[in-house]
$ cat start36.csv   # CSV, C-alpha atoms and all ligand atoms
chain,number,residue,atom,x,y,z
D,1,MET,CA,123.1,89.3,80.0
D,2,SER,CA,124.9,91.5,82.5
D,3,ARG,CA,123.8,92.4,85.9
D,4,THR,CA,122.0,95.7,86.2
D,5,LYS,CA,122.3,97.5,89.6
D,6,VAL,CA,119.5,99.7,90.7
D,7,ILE,CA,120.6,102.6,93.0
D,8,PRO,CA,118.2,104.9,94.7
D,9,ILE,CA,119.0,108.6,94.3
D,10,PRO,CA,117.4,110.6,97.1
D,11,VAL,CA,115.8,113.8,95.8
D,12,LEU,CA,114.0,114.9,99.0
D,13,GLY,CA,114.8,113.6,102.5
D,14,ARG,CA,116.4,110.1,102.8
D,15,HIS,CA,113.7,108.5,100.6
D,16,ALA,CA,110.6,110.8,100.6
D,17,VAL,CA,111.2,111.4,96.9
D,18,ASN,CA,113.6,109.2,94.9
D,19,ALA,CA,115.0,109.0,91.4
D,20,HIS,CA,116.9,105.8,90.4
D,21,LEU,CA,120.2,105.1,88.7
D,22,LEU,CA,120.5,101.9,86.6
D,23,LEU,CA,124.1,100.7,86.2
D,24,GLY,CA,124.6,98.3,83.4
D,25,ARG,CA,127.1,98.5,80.5
D,26,HIS,CA,126.1,102.2,80.5
D,27,PRO,CA,124.2,104.3,83.1
D,28,VAL,CA,120.5,105.2,82.7
D,29,LEU,CA,118.6,107.6,85.1
D,30,VAL,CA,115.0,106.9,85.9
D,31,ASP,CA,113.1,110.1,86.9
D,32,ALA,CA,114.2,113.7,87.3
D,33,GLY,CA,113.0,114.8,90.7
D,34,THR,CA,111.3,118.0,91.8
D,35,PRO,CA,112.1,121.3,90.2
D,36,GLY,CA,115.5,122.6,91.1
D,37,SER,CA,117.0,119.2,92.1
D,38,ALA,CA,119.3,118.6,89.1
D,39,GLY,CA,122.4,119.5,91.1
D,40,ARG,CA,121.6,117.2,93.9
D,41,ILE,CA,120.8,114.4,91.5
D,42,LEU,CA,123.9,114.8,89.5
D,43,ASP,CA,126.1,115.0,92.7
D,44,ALA,CA,124.6,111.6,93.7
D,45,VAL,CA,125.2,110.2,90.3
D,46,ALA,CA,128.8,111.3,90.4
D,47,ARG,CA,129.2,109.8,94.0
D,48,ASN,CA,128.3,106.5,92.4
D,49,GLY,CA,131.2,106.7,90.1
D,50,VAL,CA,129.3,107.9,87.0
D,51,ASP,CA,130.2,110.9,84.9
D,52,PRO,CA,126.8,112.6,84.3
D,53,ALA,CA,127.9,113.2,80.7
D,54,ASP,CA,128.0,109.4,80.3
D,55,LEU,CA,124.2,109.0,81.0
D,56,ARG,CA,122.7,107.3,78.0
D,57,LEU,CA,119.0,108.0,78.7
D,58,ILE,CA,116.7,109.7,81.3
D,59,VAL,CA,113.4,107.8,81.6
D,60,ILE,CA,110.5,109.8,83.1
D,61,THR,CA,108.0,107.5,84.7
D,62,HIS,CA,105.1,110.0,84.6
D,63,GLY,CA,103.8,113.5,84.3
D,64,HIS,CA,104.0,114.7,88.0
D,65,LEU,CA,106.3,117.5,89.1
D,66,ASP,CA,108.3,115.3,91.6
D,67,HIS,CA,109.3,113.0,88.7
D,68,PHE,CA,109.8,115.4,85.7
D,69,GLY,CA,110.5,118.7,87.6
D,70,SER,CA,114.2,118.8,86.6
D,71,ALA,CA,114.0,116.9,83.4
D,72,ALA,CA,114.7,119.9,81.1
D,73,GLU,CA,117.7,120.9,83.3
D,74,LEU,CA,119.1,117.4,83.5
D,75,HIS,CA,118.8,117.1,79.7
D,76,ARG,CA,120.7,120.4,79.3
D,77,LEU,CA,123.4,119.5,81.8
D,78,THR,CA,124.0,115.9,80.6
D,79,GLY,CA,123.0,115.9,76.9
D,80,ALA,CA,121.2,112.6,77.6
D,81,PRO,CA,117.9,112.1,75.6
D,82,VAL,CA,114.7,111.9,77.6
D,83,ALA,CA,112.1,109.2,77.3
D,84,GLY,CA,108.5,109.8,78.1
D,85,HIS,CA,105.2,108.2,77.2
D,86,VAL,CA,103.0,109.9,74.6
D,87,ALA,CA,99.9,109.9,77.0
D,88,ASP,CA,101.7,112.3,79.3
D,89,LEU,CA,103.2,114.4,76.5
D,90,GLY,CA,100.9,117.3,77.3
D,91,GLN,CA,102.5,117.7,80.8
D,92,TYR,CA,106.0,117.4,79.4
D,93,ARG,CA,105.4,120.0,76.7
D,94,THR,CA,103.7,122.5,78.9
D,95,GLY,CA,105.6,121.9,82.2
D,96,ARG,CA,102.3,121.6,84.0
D,97,VAL,CA,100.4,118.7,85.6
D,98,ARG,CA,96.9,117.8,84.7
D,99,GLU,CA,94.5,119.6,87.1
D,100,PRO,CA,92.9,118.8,89.4
D,101,TYR,CA,94.9,116.1,91.2
D,102,LEU,CA,92.6,113.3,92.2
D,103,PRO,CA,93.4,112.3,95.9
D,104,THR,CA,93.5,108.7,97.0
D,105,GLY,CA,92.8,109.7,100.6
D,106,ARG,CA,93.3,112.3,103.3
D,107,MET,CA,97.0,112.7,102.6
D,108,GLY,CA,96.3,113.6,99.0
D,109,ARG,CA,93.5,116.0,99.9
D,110,LEU,CA,96.0,117.9,102.1
D,111,MET,CA,98.8,117.7,99.6
D,112,ALA,CA,96.7,119.0,96.8
D,113,ARG,CA,96.5,122.4,98.6
D,114,ASN,CA,100.3,122.7,98.4
D,115,ARG,CA,101.1,125.5,95.9
D,116,LYS,CA,104.4,123.8,94.9
D,117,LEU,CA,102.4,121.0,93.3
D,118,HIS,CA,100.8,123.4,90.9
D,119,VAL,CA,103.7,125.5,89.5
D,120,ALA,CA,104.9,125.5,85.9
D,121,VAL,CA,108.3,124.0,85.4
D,122,ASP,CA,110.7,124.0,82.3
D,123,PRO,CA,109.0,122.0,79.6
D,124,PHE,CA,110.9,119.5,77.5
D,125,GLU,CA,110.4,117.4,74.4
D,126,PRO,CA,111.0,113.7,74.9
D,127,GLU,CA,113.4,112.5,72.2
D,128,VAL,CA,112.3,109.0,72.8
D,129,LEU,CA,108.5,109.0,72.7
D,130,LEU,CA,107.1,105.9,74.2
D,131,ASP,CA,103.9,104.2,73.0
D,132,GLY,CA,104.5,100.7,74.1
D,133,GLU,CA,107.3,98.6,75.5
D,134,LEU,CA,110.9,99.6,74.8
D,135,ALA,CA,113.9,97.4,75.3
D,136,LEU,CA,116.8,99.4,76.8
D,137,HIS,CA,119.6,97.1,75.6
D,138,GLU,CA,120.8,99.7,73.0
D,139,PHE,CA,121.0,102.2,75.9
D,140,GLY,CA,123.3,99.9,77.8
D,141,VAL,CA,121.0,98.2,80.4
D,142,ASP,CA,119.3,94.8,80.2
D,143,ALA,CA,115.9,96.1,81.0
D,144,ARG,CA,112.7,97.2,79.3
D,145,ILE,CA,110.3,100.1,79.8
D,146,MET,CA,106.7,98.9,80.3
D,147,PRO,CA,103.6,101.1,80.1
D,148,THR,CA,101.8,100.9,83.5
D,149,PRO,CA,98.9,103.4,83.0
D,150,GLY,CA,96.5,104.4,85.8
D,151,HIS,CA,98.5,106.7,88.2
D,152,THR,CA,98.6,108.9,85.1
D,153,ALA,CA,97.6,107.9,81.6
D,154,GLY,CA,101.3,107.9,80.5
D,155,SER,CA,102.9,106.2,83.5
D,156,VAL,CA,105.6,103.7,82.8
D,157,SER,CA,107.8,101.3,84.9
D,158,VAL,CA,111.3,99.8,84.1
D,159,LEU,CA,111.8,96.1,84.6
D,160,THR,CA,115.4,94.8,84.5
D,161,ASP,CA,116.1,91.3,83.3
D,162,ASP,CA,117.3,90.6,86.9
D,163,GLY,CA,113.8,91.2,88.2
D,164,ASP,CA,114.1,94.7,89.7
D,165,LEU,CA,111.0,96.8,89.0
D,166,VAL,CA,111.5,100.6,89.1
D,167,ALA,CA,107.8,101.4,89.5
D,168,GLY,CA,107.5,105.2,89.9
D,169,ASP,CA,104.2,105.8,91.7
D,170,LEU,CA,102.5,102.6,90.7
D,171,ILE,CA,102.8,101.8,94.5
D,172,ALA,CA,104.3,103.7,97.4
D,173,ASN,CA,105.3,103.4,101.0
D,174,SER,CA,102.7,104.4,103.6
D,175,PHE,CA,102.9,108.2,104.2
D,176,MET,CA,105.4,108.8,101.5
D,177,GLY,CA,108.0,106.6,103.2
D,178,LEU,CA,107.3,107.5,106.8
D,179,VAL,CA,106.2,103.9,107.4
D,180,PRO,CA,109.0,102.1,105.5
D,181,GLY,CA,108.1,98.8,103.8
D,182,ARG,CA,104.4,99.1,104.2
D,183,PRO,CA,102.7,99.3,100.7
D,184,ALA,CA,100.2,102.1,100.2
D,185,ASN,CA,98.7,104.2,97.5
D,186,PRO,CA,100.6,107.4,96.6
D,187,PRO,CA,98.6,110.6,97.4
D,188,PHE,CA,97.0,110.7,93.9
D,189,HIS,CA,95.8,108.4,91.2
D,190,ASP,CA,94.1,109.5,88.0
D,191,ASP,CA,92.4,106.1,87.7
D,192,PRO,CA,92.9,103.9,90.8
D,193,ARG,CA,91.5,100.7,89.3
D,194,ARG,CA,93.5,101.0,86.1
D,195,ASN,CA,96.6,101.6,88.2
D,196,LEU,CA,95.9,98.5,90.2
D,197,THR,CA,95.4,96.5,87.0
D,198,SER,CA,98.9,97.7,85.9
D,199,LEU,CA,100.4,96.9,89.3
D,200,ARG,CA,99.0,93.3,89.3
D,201,ALA,CA,100.2,92.8,85.7
D,202,MET,CA,103.7,93.8,86.9
D,203,LEU,CA,103.5,91.5,89.9
D,204,ALA,CA,102.5,88.6,87.6
D,205,LEU,CA,105.9,89.0,86.0
D,206,GLY,CA,107.5,87.9,89.3
D,207,PRO,CA,109.7,90.9,90.1
D,208,ALA,CA,112.2,90.3,92.9
D,209,ARG,CA,112.0,93.9,94.3
D,210,LEU,CA,109.9,97.0,93.7
D,211,HIS,CA,111.8,100.3,93.7
D,212,VAL,CA,109.4,103.2,94.2
D,213,GLY,CA,109.4,107.0,93.9
D,214,HIS,CA,108.3,107.4,97.6
D,215,GLY,CA,109.9,105.2,100.3
D,216,VAL,CA,112.2,102.2,100.5
D,217,PRO,CA,112.1,99.2,98.1
D,218,LEU,CA,109.0,97.0,98.7
D,219,ASP,CA,108.7,93.2,99.0
D,220,PRO,CA,106.5,91.9,96.1
D,221,GLU,CA,104.7,89.4,98.4
D,222,ARG,CA,103.6,92.2,100.7
D,223,VAL,CA,102.5,94.3,97.7
D,224,ARG,CA,100.6,91.3,96.3
D,225,ASN,CA,98.6,90.9,99.6
D,226,TRP,CA,98.0,94.7,99.7
D,227,ALA,CA,96.8,94.6,96.1
D,228,ALA,CA,94.2,91.9,96.7
D,229,ARG,CA,92.7,93.9,99.6
D,230,GLU,CA,92.9,97.1,97.5
D,231,GLN,CA,91.0,95.4,94.7
D,232,ARG,CA,88.1,94.5,97.0
D,233,ARG,CA,88.1,98.1,98.4
D,234,LEU,CA,88.1,99.7,95.0
D,235,ASP,CA,85.4,97.4,93.6
D,236,ARG,CA,83.2,98.2,96.6
D,237,ALA,CA,83.8,102.0,96.1
D,238,ALA,CA,83.1,101.7,92.4
D,239,ALA,CA,79.9,99.8,93.0
D,240,ALA,CA,78.8,102.5,95.4
D,241,GLY,CA,79.6,105.2,92.9
D,242,ARG,CA,82.3,106.6,95.2
D,243,LEU,CA,85.3,106.3,92.8
D,244,ARG,CA,86.5,109.4,91.1
D,245,VAL,CA,88.4,108.8,87.8
D,246,ARG,CA,89.9,111.2,85.3
D,247,PRO,CA,88.2,110.8,82.0
D,248,ALA,CA,90.5,109.6,79.2
D,249,GLU,CA,91.8,112.4,77.0
D,250,PRO,CA,90.9,112.4,73.3
D,251,GLU,CA,93.4,110.5,71.2
D,252,SER,CA,94.8,113.4,69.2
D,253,GLU,CA,94.4,116.8,70.7
D,254,PRO,CA,95.7,119.7,68.5
D,255,GLY,CA,99.4,120.0,69.1
D,256,ARG,CA,99.6,117.0,71.4
D,257,GLY,CA,98.9,113.6,69.8
D,258,SER,CA,102.0,113.5,67.6
D,259,ALA,CA,105.6,114.5,68.0
D,260,ASP,CA,107.5,116.6,65.5
D,261,GLY,CA,111.3,116.5,65.3
D,262,PRO,CA,113.5,113.5,65.9
D,263,ALA,CA,111.0,111.7,68.1
D,264,ARG,CA,110.8,108.0,67.8
D,265,THR,CA,107.9,105.8,68.6
D,266,ALA,CA,108.5,102.6,70.5
F,301,ZN,ZN,102.9,110.7,90.7
F,302,ZN,ZN,105.5,110.9,93.0
$ encode --input "start36.csv" --output "structure tokens" --more "lines below"
Ligand SMILES: [Zn+2]
Ligand SMILES: [Zn+2]
Amino acid sequence: MSRTKVIPIPVLGRHAVNAHLLLGRHPVLVDAGTPGSAGRILDAVARNGVDPADLRLIVITHGHLDHFGSAAELHRLTGAPVAGHVADLGQYRTGRVREPYLPTGRMGRLMARNRKLHVAVDPFEPEVLLDGELALHEFGVDARIMPTPGHTAGSVSVLTDDGDLVAGDLIANSFMGLVPGRPANPPFHDDPRRNLTSLRAMLALGPARLHVGHGVPLDPERVRNWAAREQRRLDRAAAAGRLRVRPAEPESEPGRGSADGPARTA
């Protein structure tokens, strides 16, 4: 087992929106930033001593524009295959998010009005279609992709054998990183309780650090305490009928449920 380094790649601001670079025997990129950020991401990759053409895989954590916005362009520029979960395949194939966004609080209600969160971006076809865990050893890093549904149905996280969890939007920093180190919900969750179940399942695996799409890395102990409080809050909200959840999509929509071409199911 070789050590896998996890390096944050700033997409917006210092850590308002992050992608992550995994450095093992070969480099793997996790997330593809907002639309139009491929150049900035690849510059940062190069500054870390990696030739973008050497990227072995681009893992997309979920179907929101700040995570897959530049996936098609990064694929074109690097030739690296893209991995995405089948439950968010509709977003990847259309270049559009599922509407409407379901806000987790005031910040999400404000952000949902931002036109930029509703644009269509270049679609892409994941060459590596995920439908379960996938070990990344053959891509050159000692890590595995784990489905962590809830934020969106097709959300995934990457857990390295060293205990670094690259968690996408499973959890965030307060105010998109303005309060660094304080765990908080990201602005939106399709299914808050399902997301929290996924988060607690990942915490149960004993990660050493949580790297997130919005903000600085989080201490698992702080996240564990936050998750216990959040569970009580969500249970109360659900009991009072105040919890909005996006209904699950039918298993096989026409043109969505299966992949044609060289897709592989993990
Ligand atoms: Zn998201
Ligand atoms: Zn995000």
$ residues_around --input "start36.csv" --residues "stretch 182-184 of chain D" --least-positions-apart "5" --cutoff "10 Å" --atoms "all atoms listed in the file" --output "PyMOL selection string"
chain D and resi 104+170-177+215-220+222-227+230
$ residues_near_ligand --input "start36.csv" --ligand "ligand ZN 301 (chain F)" --cutoff "9 Å" --atoms "all atoms listed in the file" --output "list in words"
Thr61, His62, Gly63, His64, Leu65, Asp66, His67, His151, Thr152, Ser155, Gly168, Asp169, Leu170, Pro186, Pro187, Phe188, His189 and Gly213 of chain D
$ atom_distance --input "start36.csv" --atom1 "atom CA of D:Thr78" --atom2 "atom CA of D:Gly36"
15.1 Å
$ residues_near_point --input "start36.csv" --point "(114.6, 97.8, 82.3)" --cutoff "7 Å" --atoms "all atoms listed in the file" --output "PyMOL selection string"
chain D and resi 136+141-145+158-161
$ residues_around --input "start36.csv" --residues "D:Leu57" --least-positions-apart "2" --cutoff "6 Å" --atoms "all atoms listed in the file" --output "PyMOL selection string"
chain D and resi 28+55+80-82
$ residues_near_point --input "start36.csv" --point "(129.1, 111.8, 80.2)" --cutoff "10 Å" --atoms "all atoms listed in the file" --output "list in words"
Pro27, Val50, Asp51, Pro52, Ala53, Asp54, Leu55, Arg56, Leu77, Thr78, Gly79 and Ala80 of chain D
$ closest_residue --input "start36.csv" --among "D:Asp190, D:Asp31, D:Asp235, D:Glu133" --to "D:Glu249" --atoms "all atoms listed in the file"
D:Asp190
$ residues_around --input "start36.csv" --residues "D:Val97" --least-positions-apart "4" --cutoff "9 Å" --atoms "all atoms listed in the file" --output "PyMOL selection string"
chain D and resi 63-65+90-92+101+117-120
$ write_last_selection --input "start36.csv" --atoms "C-alpha atoms" --output "mmCIF file, in the frame of the given file"
data_model
loop_
_atom_site.group_PDB
_atom_site.id
_atom_site.type_symbol
_atom_site.label_atom_id
_atom_site.label_comp_id
_atom_site.auth_asym_id
_atom_site.auth_seq_id
_atom_site.Cartn_x
_atom_site.Cartn_y
_atom_site.Cartn_z
ATOM 1 C CA GLY D 63 103.800 113.500 84.300
ATOM 2 C CA HIS D 64 104.000 114.700 88.000
ATOM 3 C CA LEU D 65 106.300 117.500 89.100
ATOM 4 C CA GLY D 90 100.900 117.300 77.300
ATOM 5 C CA GLN D 91 102.500 117.700 80.800
ATOM 6 C CA TYR D 92 106.000 117.400 79.400
ATOM 7 C CA TYR D 101 94.900 116.100 91.200
ATOM 8 C CA LEU D 117 102.400 121.000 93.300
ATOM 9 C CA HIS D 118 100.800 123.400 90.900
ATOM 10 C CA VAL D 119 103.700 125.500 89.500
ATOM 11 C CA ALA D 120 104.900 125.500 85.900
#
$ closest_residue --input "start36.csv" --among "D:Ala112, D:Leu129, D:Val212, D:Ile41" --to "ligand ZN 302 (chain F)" --atoms "only C-alpha atoms and all ligand atoms"
D:Val212
$ atom_distance --input "start36.csv" --atom1 "atom CA of D:Arg25" --atom2 "atom CA of D:Gly49"
13.3 Å
$ closest_residue --input "start36.csv" --among "D:Leu12, D:Ala87, D:Val17, D:Ala153" --to "ligand ZN 302 (chain F)" --atoms "only C-alpha atoms and all ligand atoms"
D:Val17
$ atom_distance --input "start36.csv" --atom1 "atom CA of D:Val156" --atom2 "atom CA of D:Arg3"
21.6 Å
$ residues_around --input "start36.csv" --residues "D:Val86" --least-positions-apart "6" --cutoff "7 Å" --atoms "all atoms listed in the file" --output "PyMOL selection string"
chain D and resi 129-131+154
$ closest_residue --input "start36.csv" --among "D:Arg209, D:Arg106, D:His214, D:Gln231" --to "D:Val11" --atoms "all atoms listed in the file"
D:His214
$ closest_residue --input "start36.csv" --among "D:Phe68, D:Asp122, D:Ser37, D:Ala237" --to "D:Ala83" --atoms "only C-alpha atoms"
D:Phe68
$ closest_residue --input "start36.csv" --among "D:Thr34, D:Thr197, D:Asn48, D:Ser157" --to "D:Leu74" --atoms "only C-alpha atoms"
D:Thr34
$ build_atoms --input "start36.csv" --residues "stretch 65-97 of chain D" --atoms "N, CA and C atoms" --output "PDB file, keeping the file's coordinate frame"
ATOM      1  N   LEU D  65     105.159 116.553  88.941  1.00  0.00           N
ATOM      2  CA  LEU D  65     106.300 117.500  89.100  1.00  0.00           C
ATOM      3  C   LEU D  65     107.468 116.856  89.869  1.00  0.00           C
ATOM      4  N   ASP D  66     107.180 115.908  90.785  1.00  0.00           N
ATOM      5  CA  ASP D  66     108.300 115.300  91.600  1.00  0.00           C
ATOM      6  C   ASP D  66     109.018 114.252  90.776  1.00  0.00           C
ATOM      7  N   HIS D  67     108.598 114.010  89.535  1.00  0.00           N
ATOM      8  CA  HIS D  67     109.300 113.000  88.700  1.00  0.00           C
ATOM      9  C   HIS D  67     109.853 113.650  87.413  1.00  0.00           C
ATOM     10  N   PHE D  68     109.230 114.750  86.926  1.00  0.00           N
ATOM     11  CA  PHE D  68     109.800 115.400  85.700  1.00  0.00           C
ATOM     12  C   PHE D  68     110.248 116.827  85.972  1.00  0.00           C
ATOM     13  N   GLY D  69     110.203 117.268  87.247  1.00  0.00           N
ATOM     14  CA  GLY D  69     110.500 118.700  87.600  1.00  0.00           C
ATOM     15  C   GLY D  69     111.816 119.180  87.053  1.00  0.00           C
ATOM     16  N   SER D  70     112.858 118.355  87.078  1.00  0.00           N
ATOM     17  CA  SER D  70     114.200 118.800  86.600  1.00  0.00           C
ATOM     18  C   SER D  70     114.618 118.130  85.336  1.00  0.00           C
ATOM     19  N   ALA D  71     113.669 117.594  84.581  1.00  0.00           N
ATOM     20  CA  ALA D  71     114.000 116.900  83.400  1.00  0.00           C
ATOM     21  C   ALA D  71     114.705 117.776  82.335  1.00  0.00           C
ATOM     22  N   ALA D  72     114.153 118.985  82.119  1.00  0.00           N
ATOM     23  CA  ALA D  72     114.700 119.900  81.100  1.00  0.00           C
ATOM     24  C   ALA D  72     116.160 120.252  81.509  1.00  0.00           C
ATOM     25  N   GLU D  73     116.364 120.549  82.815  1.00  0.00           N
ATOM     26  CA  GLU D  73     117.700 120.900  83.300  1.00  0.00           C
ATOM     27  C   GLU D  73     118.678 119.769  83.186  1.00  0.00           C
ATOM     28  N   LEU D  74     118.236 118.583  83.569  1.00  0.00           N
ATOM     29  CA  LEU D  74     119.100 117.400  83.500  1.00  0.00           C
ATOM     30  C   LEU D  74     119.501 117.119  82.046  1.00  0.00           C
ATOM     31  N   HIS D  75     118.545 117.319  81.135  1.00  0.00           N
ATOM     32  CA  HIS D  75     118.800 117.100  79.700  1.00  0.00           C
ATOM     33  C   HIS D  75     119.892 118.128  79.248  1.00  0.00           C
ATOM     34  N   ARG D  76     119.714 119.398  79.669  1.00  0.00           N
ATOM     35  CA  ARG D  76     120.700 120.400  79.300  1.00  0.00           C
ATOM     36  C   ARG D  76     122.077 120.119  79.834  1.00  0.00           C
ATOM     37  N   LEU D  77     122.125 119.674  81.109  1.00  0.00           N
ATOM     38  CA  LEU D  77     123.400 119.500  81.800  1.00  0.00           C
ATOM     39  C   LEU D  77     124.145 118.220  81.306  1.00  0.00           C
ATOM     40  N   THR D  78     123.392 117.201  80.888  1.00  0.00           N
ATOM     41  CA  THR D  78     124.000 115.900  80.600  1.00  0.00           C
ATOM     42  C   THR D  78     124.032 115.617  79.072  1.00  0.00           C
ATOM     43  N   GLY D  79     123.100 116.222  78.327  1.00  0.00           N
ATOM     44  CA  GLY D  79     123.000 115.900  76.900  1.00  0.00           C
ATOM     45  C   GLY D  79     122.229 114.584  76.679  1.00  0.00           C
ATOM     46  N   ALA D  80     121.846 113.885  77.749  1.00  0.00           N
ATOM     47  CA  ALA D  80     121.200 112.600  77.600  1.00  0.00           C
ATOM     48  C   ALA D  80     119.752 112.808  77.024  1.00  0.00           C
ATOM     49  N   PRO D  81     119.321 111.963  76.073  1.00  0.00           N
ATOM     50  CA  PRO D  81     117.900 112.100  75.600  1.00  0.00           C
ATOM     51  C   PRO D  81     116.964 111.678  76.717  1.00  0.00           C
ATOM     52  N   VAL D  82     115.758 112.218  76.632  1.00  0.00           N
ATOM     53  CA  VAL D  82     114.700 111.900  77.600  1.00  0.00           C
ATOM     54  C   VAL D  82     113.650 111.076  76.990  1.00  0.00           C
ATOM     55  N   ALA D  83     113.227 110.032  77.727  1.00  0.00           N
ATOM     56  CA  ALA D  83     112.100 109.200  77.300  1.00  0.00           C
ATOM     57  C   ALA D  83     110.902 109.416  78.110  1.00  0.00           C
ATOM     58  N   GLY D  84     109.760 109.588  77.439  1.00  0.00           N
ATOM     59  CA  GLY D  84     108.500 109.800  78.100  1.00  0.00           C
ATOM     60  C   GLY D  84     107.362 109.208  77.293  1.00  0.00           C
ATOM     61  N   HIS D  85     106.278 108.832  77.957  1.00  0.00           N
ATOM     62  CA  HIS D  85     105.200 108.200  77.200  1.00  0.00           C
ATOM     63  C   HIS D  85     104.258 109.295  76.604  1.00  0.00           C
ATOM     64  N   VAL D  86     103.771 108.979  75.419  1.00  0.00           N
ATOM     65  CA  VAL D  86     103.000 109.900  74.600  1.00  0.00           C
ATOM     66  C   VAL D  86     101.715 110.373  75.401  1.00  0.00           C
ATOM     67  N   ALA D  87     101.170 109.519  76.270  1.00  0.00           N
ATOM     68  CA  ALA D  87      99.900 109.900  77.000  1.00  0.00           C
ATOM     69  C   ALA D  87     100.149 110.953  78.035  1.00  0.00           C
ATOM     70  N   ASP D  88     101.388 111.226  78.414  1.00  0.00           N
ATOM     71  CA  ASP D  88     101.700 112.300  79.300  1.00  0.00           C
ATOM     72  C   ASP D  88     102.458 113.456  78.605  1.00  0.00           C
ATOM     73  N   LEU D  89     102.422 113.435  77.291  1.00  0.00           N
ATOM     74  CA  LEU D  89     103.200 114.400  76.500  1.00  0.00           C
ATOM     75  C   LEU D  89     102.721 115.848  76.781  1.00  0.00           C
ATOM     76  N   GLY D  90     101.437 116.010  77.026  1.00  0.00           N
ATOM     77  CA  GLY D  90     100.900 117.300  77.300  1.00  0.00           C
ATOM     78  C   GLY D  90     101.593 117.962  78.534  1.00  0.00           C
ATOM     79  N   GLN D  91     101.799 117.159  79.590  1.00  0.00           N
ATOM     80  CA  GLN D  91     102.500 117.700  80.800  1.00  0.00           C
ATOM     81  C   GLN D  91     103.934 118.034  80.463  1.00  0.00           C
ATOM     82  N   TYR D  92     104.612 117.183  79.684  1.00  0.00           N
ATOM     83  CA  TYR D  92     106.000 117.400  79.400  1.00  0.00           C
ATOM     84  C   TYR D  92     106.195 118.671  78.527  1.00  0.00           C
ATOM     85  N   ARG D  93     105.288 118.871  77.592  1.00  0.00           N
ATOM     86  CA  ARG D  93     105.400 120.000  76.700  1.00  0.00           C
ATOM     87  C   ARG D  93     105.007 121.334  77.297  1.00  0.00           C
ATOM     88  N   THR D  94     104.137 121.285  78.319  1.00  0.00           N
ATOM     89  CA  THR D  94     103.700 122.500  78.900  1.00  0.00           C
ATOM     90  C   THR D  94     104.404 122.783  80.274  1.00  0.00           C
ATOM     91  N   GLY D  95     105.022 121.746  80.844  1.00  0.00           N
ATOM     92  CA  GLY D  95     105.600 121.900  82.200  1.00  0.00           C
ATOM     93  C   GLY D  95     104.596 121.974  83.281  1.00  0.00           C
ATOM     94  N   ARG D  96     103.370 121.557  82.990  1.00  0.00           N
ATOM     95  CA  ARG D  96     102.300 121.600  84.000  1.00  0.00           C
ATOM     96  C   ARG D  96     101.624 120.263  84.139  1.00  0.00           C
ATOM     97  N   VAL D  97     101.161 119.972  85.368  1.00  0.00           N
ATOM     98  CA  VAL D  97     100.400 118.700  85.600  1.00  0.00           C
ATOM     99  C   VAL D  97      98.999 118.871  85.100  1.00  0.00           C
TER     100      VAL D  97
END
